[in-house]
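Trainee: My questions will all concern the structure given below.
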Amino acid sequence: MNKTGKDYLLAALTGLALVIILVILVVLFGEILWNGAPVVTAEFLTEAPTADMTGGGIFPAIYGTVFMTLLMTIAGVPIGLATAIWLNEYASSRSKIAAIIRTAIHNLAGVPSIVFGLFGLGFFVIFVGGTMDSLIYGDIPRPIWGQPSILWASLTLAVLTLPVVIVTTEEALKTVPGELRDASLALGATKFQTTLTIVLPNARGGILTGVILGVSRGMGEVAPIIFVGAANFLPELPDDLRDMFMHLGYHVYALATQSPNVDAARPALFGTVLVLLALTFSLNLIAIIIRSRSRRALRPS
Amino acid sequence: MSEKRPPLTEALPTPRWHRWAERLIAALAFSAVLAIALIFLFIAREAIPLFFEEGVRDEMRLRDLFIPRIWDGYDEAVAIWQPIGGTPKFNMLPLFVGSLKVTILAMLISVPLGVGCAVFVAIYAPPRIREITKPIIELLAGVPSVVLGFFALMIVASFTQAVFGFTYRLNGVVAAIGLAITIVPVIFTISEDAIQAVPKSLSEAALALGARKYQIALRVIIPAAIPGITAAIILGFGRAIGETMIVLMASGNAAVMEIFDFTTSVRTVTATIAAELGEVARGEPHWRILFLLGVILFIITFIINLGGKMITDRLHRKLTAG
């Protein structure tokens with residue numbers, strides 16, 4: 001083979017890898033859209049499922065997912081922001097402590113999701129919930145806080161999303177030019193005032209992107225919440241932090257593996273997958289749009 | 001770390017809450033360290049009593065967790081995970097064999113795809129294709145794993161059975177394909193970054209010496225990017241071995257100790273925890289063993305991630321120093 005031939009061969013082989021990935025993507029989204037779209041009607045989105053879960057809608061699962069996602073965001077995002085601000089604005093680049101924290105973040109991102117489930121059960125449900133029960137109520141036959149609930153599921157997922165929020169926020173803070181900080185400090189502002197009034201507003205777009213990416217990651221995770229609060233079938237909506245809840249991802253798992261009649265559950269399954277994907281992707285899409293806008297805004301005109 | 005400012009004669013005093021807010025930020029910065037410590041402590045807390053509780057030790061021998069044993073009614077020493085039944089058998093070997101099998105097969109599929117795609121996008125693709133490819137593959141990374149588990153269970157399983165005629169519809173191959181789809185974006189993104197990070201001067205020098213594009217790719221750029229690609233593969237491995245929903249839904253979940261046949265049902269460590277913990281009462285040996293599996297999984301992924309990070313850090317230093 002001549003040299004040009006070898007050039008084409010390498011390009012063709014590596015290009016084939018790209019084509020295979022694209023084909024998988026098209027089949028994945030095509031199948032879900034094709035089979036799911038006819039199922040997703042107004043009733044499907046607003047009604048509770050029937051007892052065998054093959055009929056009715058998935059409203060409790062949508063409600064539970066959104067509720068849980070909000071709680072998770074409120075609990076986790078401020079901590080993630082604070083960590084990123086400290087790492088980027090306060091820690092010196094040679095700080096040993098910062099290096100340890102960064103390693104911890106990296107490792108936290110690699111902890112398997114099922115281990116988060118064990119952690120949520122062992123720490124939040126048994127330890128924190130159990131301790132609250134014995135402090136508040138003394139000796140009680142049935143646990144009140146010390147059982148799986150939407151609160152513990154949200155907190156478990158808040159820990160899981162922490163690394164994503166921290167890493168992307170720090171990237172956003174890095175894009176703020178150092179001159180802005182210097183100018184602010186030169187005018188007599190303290191470091192905290194500079195961070196609050198100069199750095200954070202300028203990094204707003206990037207921070208929002210990071211938060212949304214973290215949130216969308218947490219929204220689709222199922223393994224961590226299997227034992228920590230997700231319910232198989234629960235037509236009533238959760239109205240208390242101590243209630244269990246239905247979750248779109250968990251509903252997909254339950255329909256696909258625990259349904260007595262898989263063929264009857266098939267339409268509801270495709271519909272639920274489509275709704276879950278639509279929710280996560282609309283979040284991702286918002287993140288992408290905000291990111292491109294904030295990049296444009298930062299560019300000097 | 002306070003700033004040294006020249007004293008201003010008429011400066012307003014900074015509000016007191018600013019100092020408190022700064023302290024709070026510094027304290028919250030330790031959240032990730034605290035989280036890692038708490039995760040390890042509280043899963044170990046549920047597992048450790050296994051080694052000390054008298055009642056547990058009478059019921060089972062700890063060496064049976066790892067070493068095959070000749071059980072009543074068996075002719076030879078076997079490694080079985082069979083938590084329910086007359087004599088519960090908790091040998092972890094079949095689960096780790098299952099995890100490794102599925103993970104290795106998934107790596108065999110995803111490494112050529114991910115690295116190949118990264119090479120194409122970084123070296124051959126025109127800029128316009130690059131610009132659309134990266135976000136599309138990142139989109140794949142955003143697909144929840146339960147959706148990929150569903151995809152493997154419903155579509156990949158039927159397709160592969162029709163094509164290859166597998167005896168079992170759900171098996172190691174189906175789970176590995178599902179897993180491969182989740183790892184491809186990880187491997188692609190890190191490899192592509194590593195290839196992009198190779199200094200232009202290297203390939204320009206090779207070009208000036210008369211090398212062709214494929215020679216530059218294979219002998220200059222890829223060797224220079226090898227540490228980054230290695231890190232990508234290590235991190236992808238860590239992701240695959242810890243992935244739960246896909247293997248839980250698509251692998252068939254029978255704990256058979258079958259090392260070489262990939263087309264039989266497979267049960268992984270992660271799927272075992274997910275499937276069994278819900279049906280066990282707290283404090284039982286079975287409960288503690290499932291948490292012990294979690295501890296082992298945590299340690300394995302911790303080491304893998306630390307290794308991957310050390311490699312990328314070294315690469316980063318090398319590239320920025322030069």
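Chains: A, B, ... in order of the structure tokens. Residues: from 1 per chain. Ligands: from 1, in order shown.
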Counting only C-alpha atoms, what is within 10 Å of Asn91 (chain B), bar same-chain residues fewer than 3 positions away, as a list in words?
Mentor: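 Here the qualifying residues turn out to be Leu62, Arg63, Asp64, Leu65, Phe66, Ile67, Pro68, Arg69, Val78, Ala79, Ile80, Trp81, Gln82, Pro83, Pro88, Pro94, Leu95, Phe96 and Ile289 of chain B.
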Trainee: If we count only C-alpha atoms, what is near Asn253 (chain B) at a cut-off of 10 Å, once residues fewer than 5 positions away on the same chain are taken out, given as a list in words?
Mentor: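 With the cut-off at 10 Å, the set is Leu95, Gly98, Leu170, Asn171, Gly172, Val247, Leu248, Thr264, Ser265, Val266, Arg267, Thr268, Ala271, Thr272 and Ala275 of chain B.
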Trainee: Would you output that residue set with C-alpha atoms, as a short mmCIF file (atom, residue, chain, number, x, y, z; two decimals), in the first residue's frame?
Mentor:
```cif
data_model
loop_
_atom_site.label_atom_id
_atom_site.label_comp_id
_atom_site.auth_asym_id
_atom_site.auth_seq_id
_atom_site.Cartn_x
_atom_site.Cartn_y
_atom_site.Cartn_z
CA LEU B 95 -19.73 -11.28 41.69
CA GLY B 98 -19.03 -10.93 36.80
CA LEU B 170 -30.05 -10.96 28.69
CA ASN B 171 -26.37 -11.70 29.08
CA GLY B 172 -22.89 -10.29 29.58
CA VAL B 247 -25.93 -4.12 34.52
CA LEU B 248 -28.88 -4.47 36.88
CA THR B 264 -24.41 -16.38 29.78
CA SER B 265 -26.19 -14.38 32.44
CA VAL B 266 -23.85 -12.30 34.60
CA ARG B 267 -24.27 -10.81 38.05
CA THR B 268 -22.05 -7.90 39.08
CA ALA B 271 -26.28 -5.11 40.67
CA THR B 272 -26.17 -7.50 43.64
CA ALA B 275 -31.16 -5.98 43.87
#
```
Trainee: Step one, run DSSP on the backbone; step two, keep only residues of region 188-239 of chain B assigned to alpha helix (DSSP H); then write them as a PyMOL selection string.
Mentor: chain B and resi 188-196+200-208+213-215+222-239
Trainee: I'd like the contact shell of Ala47 (chain B) - 12 Å cut-off, only C-alpha atoms, skipping same-chain residues fewer than 3 positions apart - returned as a PDB file with N, CA and C atoms, in the first residue's frame.
Mentor:
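In the end it all went to part-v9.pdb:
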```pdb
ATOM      1  N   LEU A 118     -25.768   3.328  49.387  1.00  0.00           N
ATOM      2  CA  LEU A 118     -25.411   2.742  50.682  1.00  0.00           C
ATOM      3  C   LEU A 118     -25.129   3.833  51.700  1.00  0.00           C
ATOM      4  N   PHE A 119     -24.432   4.882  51.244  1.00  0.00           N
ATOM      5  CA  PHE A 119     -24.106   6.009  52.120  1.00  0.00           C
ATOM      6  C   PHE A 119     -25.388   6.714  52.588  1.00  0.00           C
ATOM      7  N   GLY A 122     -26.991   4.388  55.138  1.00  0.00           N
ATOM      8  CA  GLY A 122     -26.226   4.254  56.380  1.00  0.00           C
ATOM      9  C   GLY A 122     -26.086   5.567  57.125  1.00  0.00           C
TER      10      GLY A 122
ATOM     11  N   PHE B  40     -17.079   6.773  53.459  1.00  0.00           N
ATOM     12  CA  PHE B  40     -16.319   5.600  53.865  1.00  0.00           C
ATOM     13  C   PHE B  40     -16.713   5.142  55.269  1.00  0.00           C
ATOM     14  N   LEU B  41     -16.782   6.086  56.199  1.00  0.00           N
ATOM     15  CA  LEU B  41     -17.100   5.738  57.584  1.00  0.00           C
ATOM     16  C   LEU B  41     -18.445   5.043  57.720  1.00  0.00           C
ATOM     17  N   PHE B  42     -19.455   5.595  57.040  1.00  0.00           N
ATOM     18  CA  PHE B  42     -20.797   5.098  57.313  1.00  0.00           C
ATOM     19  C   PHE B  42     -21.166   3.846  56.528  1.00  0.00           C
ATOM     20  N   ILE B  43     -20.453   3.566  55.432  1.00  0.00           N
ATOM     21  CA  ILE B  43     -20.709   2.238  54.856  1.00  0.00           C
ATOM     22  C   ILE B  43     -19.879   1.197  55.602  1.00  0.00           C
ATOM     23  N   ALA B  44     -18.689   1.611  56.080  1.00  0.00           N
ATOM     24  CA  ALA B  44     -17.876   0.670  56.869  1.00  0.00           C
ATOM     25  C   ALA B  44     -18.575   0.361  58.195  1.00  0.00           C
ATOM     26  N   LEU B  50     -19.572  -7.328  61.089  1.00  0.00           N
ATOM     27  CA  LEU B  50     -19.541  -8.694  60.559  1.00  0.00           C
ATOM     28  C   LEU B  50     -18.367  -9.475  61.127  1.00  0.00           C
ATOM     29  N   PHE B  51     -17.254  -8.785  61.319  1.00  0.00           N
ATOM     30  CA  PHE B  51     -16.039  -9.479  61.749  1.00  0.00           C
ATOM     31  C   PHE B  51     -15.991  -9.692  63.255  1.00  0.00           C
ATOM     32  N   PHE B  52     -16.898  -9.058  63.994  1.00  0.00           N
ATOM     33  CA  PHE B  52     -16.797  -9.130  65.451  1.00  0.00           C
ATOM     34  C   PHE B  52     -18.005  -9.750  66.129  1.00  0.00           C
ATOM     35  N   GLU B  53     -19.171  -9.671  65.476  1.00  0.00           N
ATOM     36  CA  GLU B  53     -20.373 -10.173  66.141  1.00  0.00           C
ATOM     37  C   GLU B  53     -20.299 -11.682  66.325  1.00  0.00           C
ATOM     38  N   VAL B  56     -22.862 -13.857  64.304  1.00  0.00           N
ATOM     39  CA  VAL B  56     -22.547 -13.969  62.881  1.00  0.00           C
ATOM     40  C   VAL B  56     -21.446 -14.991  62.666  1.00  0.00           C
ATOM     41  N   ARG B 282     -31.977  -4.918  58.566  1.00  0.00           N
ATOM     42  CA  ARG B 282     -30.723  -4.320  59.012  1.00  0.00           C
ATOM     43  C   ARG B 282     -30.058  -5.189  60.079  1.00  0.00           C
ATOM     44  N   GLY B 283     -28.745  -5.361  59.946  1.00  0.00           N
ATOM     45  CA  GLY B 283     -27.987  -6.070  60.957  1.00  0.00           C
ATOM     46  C   GLY B 283     -27.775  -7.539  60.647  1.00  0.00           C
ATOM     47  N   GLU B 284     -28.533  -8.083  59.701  1.00  0.00           N
ATOM     48  CA  GLU B 284     -28.310  -9.480  59.322  1.00  0.00           C
ATOM     49  C   GLU B 284     -26.942  -9.620  58.651  1.00  0.00           C
ATOM     50  N   PRO B 285     -26.378 -10.834  58.697  1.00  0.00           N
ATOM     51  CA  PRO B 285     -25.087 -11.031  58.010  1.00  0.00           C
ATOM     52  C   PRO B 285     -25.167 -10.615  56.536  1.00  0.00           C
ATOM     53  N   HIS B 286     -26.280 -10.976  55.880  1.00  0.00           N
ATOM     54  CA  HIS B 286     -26.449 -10.633  54.465  1.00  0.00           C
ATOM     55  C   HIS B 286     -26.336  -9.119  54.264  1.00  0.00           C
ATOM     56  N   TRP B 287     -27.000  -8.347  55.124  1.00  0.00           N
ATOM     57  CA  TRP B 287     -26.948  -6.875  55.090  1.00  0.00           C
ATOM     58  C   TRP B 287     -25.512  -6.393  55.207  1.00  0.00           C
ATOM     59  N   ARG B 288     -24.802  -6.934  56.202  1.00  0.00           N
ATOM     60  CA  ARG B 288     -23.423  -6.485  56.438  1.00  0.00           C
ATOM     61  C   ARG B 288     -22.528  -6.849  55.250  1.00  0.00           C
ATOM     62  N   ILE B 289     -22.772  -8.022  54.652  1.00  0.00           N
ATOM     63  CA  ILE B 289     -21.933  -8.433  53.521  1.00  0.00           C
ATOM     64  C   ILE B 289     -22.178  -7.517  52.314  1.00  0.00           C
ATOM     65  N   LEU B 290     -23.436  -7.098  52.111  1.00  0.00           N
ATOM     66  CA  LEU B 290     -23.716  -6.180  51.001  1.00  0.00           C
ATOM     67  C   LEU B 290     -22.992  -4.848  51.216  1.00  0.00           C
ATOM     68  N   PHE B 291     -22.974  -4.368  52.464  1.00  0.00           N
ATOM     69  CA  PHE B 291     -22.222  -3.140  52.747  1.00  0.00           C
ATOM     70  C   PHE B 291     -20.723  -3.373  52.576  1.00  0.00           C
ATOM     71  N   LEU B 292     -20.267  -4.581  52.934  1.00  0.00           N
ATOM     72  CA  LEU B 292     -18.849  -4.899  52.738  1.00  0.00           C
ATOM     73  C   LEU B 292     -18.491  -4.848  51.248  1.00  0.00           C
ATOM     74  N   LEU B 293     -19.397  -5.348  50.407  1.00  0.00           N
ATOM     75  CA  LEU B 293     -19.188  -5.236  48.956  1.00  0.00           C
ATOM     76  C   LEU B 293     -19.037  -3.766  48.571  1.00  0.00           C
ATOM     77  N   GLY B 294     -19.882  -2.916  49.184  1.00  0.00           N
ATOM     78  CA  GLY B 294     -19.805  -1.483  48.916  1.00  0.00           C
ATOM     79  C   GLY B 294     -18.463  -0.907  49.326  1.00  0.00           C
ATOM     80  N   VAL B 295     -17.958  -1.331  50.493  1.00  0.00           N
ATOM     81  CA  VAL B 295     -16.660  -0.839  50.963  1.00  0.00           C
ATOM     82  C   VAL B 295     -15.566  -1.230  49.975  1.00  0.00           C
ATOM     83  N   ILE B 296     -15.595  -2.495  49.543  1.00  0.00           N
ATOM     84  CA  ILE B 296     -14.563  -2.962  48.608  1.00  0.00           C
ATOM     85  C   ILE B 296     -14.647  -2.171  47.290  1.00  0.00           C
TER      86      ILE B 296
END
```
Trainee: Name the residues in contact with region 309-318 of chain B at a cut-off of 9 Å, using only C-alpha atoms, excluding same-chain residues fewer than 5 positions from it; report them as a list in words.
Mentor: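 The filter keeps Thr103, His106 and Asn107 of chain A; Ala194, Ala225, Pro227, Gly228, Thr230, Ala231, Ala232, Leu235 and Ile304 of chain B.
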Trainee: Find, counting only C-alpha atoms, the residue in B:Arg61, B:Arg239, B:Lys101, B:Arg219 that gets nearest to Thr87 (chain B).
Mentor: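 Nearest candidate to Thr87 (chain B) out of B:Arg61, B:Arg239, B:Lys101, B:Arg219: B:Arg61.
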